[in-house]
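Structure first, commentary second.
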Amino acid sequence: MKSPLLHFRGAFLFSLLAVAGGGVLGGAQGALTVFFLAVLETSLSFDNAVVNAGVLNGWNEAWRRRFLIWGILVAVFGMRIVFPLLIVGLAGAIGPVEVLDLALHRPEEYSRILTSAHHQIAAFGGAFLMMVFLKFFVDRHKTDHWLNLIERPLKRLGKLEAIEGALTLSLILGAAHLLPEPERGEFIVAGVWGVVTYILAKGLSAVLGGEETGPEQNHGAQLIRQGIGGFLYLELLDASFSFDGVIAAFAMTNNLFIIALGLGAGAMFVRSFTLLMVERGTLRTYRYLEHGAFWAIGALAVIMLAGVKFHIPEAVTGLLGALLIVLSLGSSIRANRRKP
């Protein structure tokens, strides 16, 4: 088994190049911004790494390598550059050439349009992540529980057909009342698309990659075999986690390329953490760690939806997720001592 530091060689190398690139683009301030963005992305997405590790446990070495190599290209260039451009184009009803021109030459206007679509981004990402959260806990086959008082009743809800979608859509309808009348319809439509996208992604994962669920499996519907479908699911999950990071990044800089470098460096560390946990069997050793990560996902989904009305600092989001993971890790260690 190779040293943990070897898992992070690529992440450290990419980060050094990213900081250097930030220095070329924006001097010392640009380099510092890239560094802080990388830290922000890593702290906000550590729970994403735990969830990814749960999925990758069922993948062979070839598909794990593809996830690291091709997945990082999609994460950096697709989700951190192309996807925000697409959102701005849709929100501003402008073509791709004009969007790119805005990003390069009028970053303030680009940032304004992207921020104006925050309620739609929050609805889509919040709905998708809430479906991910509920699919893990609202599972009648689930046998392992961390927070028994909450998780056991959630398990019983799994007997109801399509209850995850019903609960998520109800939450979207409730959160829509936080917005003024003109924005409610856009918020609801975006939330519905978040649910639809999750259902389609899981369906494609089952058709193209294969999905196994049953009482004999601890991770329920989260066990997705390697394949194009599973790869697509992970990238959509990564996109949902990256929404808040992309929006928050514009509070530091309007330079699209500095944002991509900083968030891309953070994404590299998240993937390295993922593969380290898979190789070391971390989720098998610490039985409640995955539970903590999914509770962090649920918390992030609620924060994204509530954020359309209330300002919630990114530090709160990151610290809450970290706290849930640390608590679940502590519970896992105590459980291992009681029953090795």
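Ligands are numbered from 1 in the order shown, residues from 1 within each chain, and chains are lettered A, B, ... in the order they appear in the structure tokens.
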Close residues, A:Phe14 itself excluded, 8 Å, only C-alpha atoms, min 3 positions apart in chain, as a short mmCIF file (atom, residue, chain, number, x, y, z; two decimals) with C-alpha atoms, in the first residue's frame:
```
data_model
loop_
_atom_site.label_atom_id
_atom_site.label_comp_id
_atom_site.auth_asym_id
_atom_site.auth_seq_id
_atom_site.Cartn_x
_atom_site.Cartn_y
_atom_site.Cartn_z
CA GLY A 10 -0.89 15.40 -8.48
CA ALA A 11 -3.00 17.69 -6.26
CA LEU A 17 0.90 25.49 -11.03
CA ALA A 18 -2.50 27.04 -10.25
CA ALA A 265 -7.02 22.87 -7.23
CA MET A 268 -7.97 17.82 -7.15
#
```
- Write out as an MDAnalysis selection string all residues of stretch 93-258 of chain A that backbone DSSP assigns to alpha helix (DSSP H). chainID A and resid 96:105 107:116 118:137 148:157 163:176 181:204 228:249 256:258
- Query: Just how far from atom CA of A:Ser272 is atom CA of A:Trp63, in Å to one decimal?
  - Reply: 14.6 Å
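Across the model, the gap from atom CA of A:Trp59 to atom CA of A:Glu161 is 28.9 Å.
Between A:Phe67 and the candidates A:Leu234, A:Val189, A:Val246, A:Met304, the tightest atom-to-atom separation, counting only C-alpha atoms, involves A:Leu234.
Across the structure, atom CA of A:Ser111 and atom CA of A:Gly30 are spaced 17.3 Å apart.
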Selection near A:Leu32, 8 Å with only C-alpha atoms, sequence-local residues under 4 positions removed, as a tab-separated table (two decimals) with N, CA and C atoms, in the first residue's frame:
```tsv
chain	number	residue	atom	x	y	z
A	19	VAL	N	-1.42	28.26	-8.44
A	19	VAL	CA	-1.00	29.48	-7.73
A	19	VAL	C	-0.08	30.32	-8.61
A	22	GLY	N	-2.20	31.98	-11.12
A	22	GLY	CA	-2.88	33.12	-10.51
A	22	GLY	C	-1.97	34.32	-10.38
A	28	ALA	N	0.49	39.09	-6.99
A	28	ALA	CA	0.47	38.45	-5.67
A	28	ALA	C	-0.96	38.24	-5.18
A	36	PHE	N	-6.72	30.69	-1.51
A	36	PHE	CA	-7.90	30.71	-0.64
A	36	PHE	C	-9.09	30.00	-1.28
```
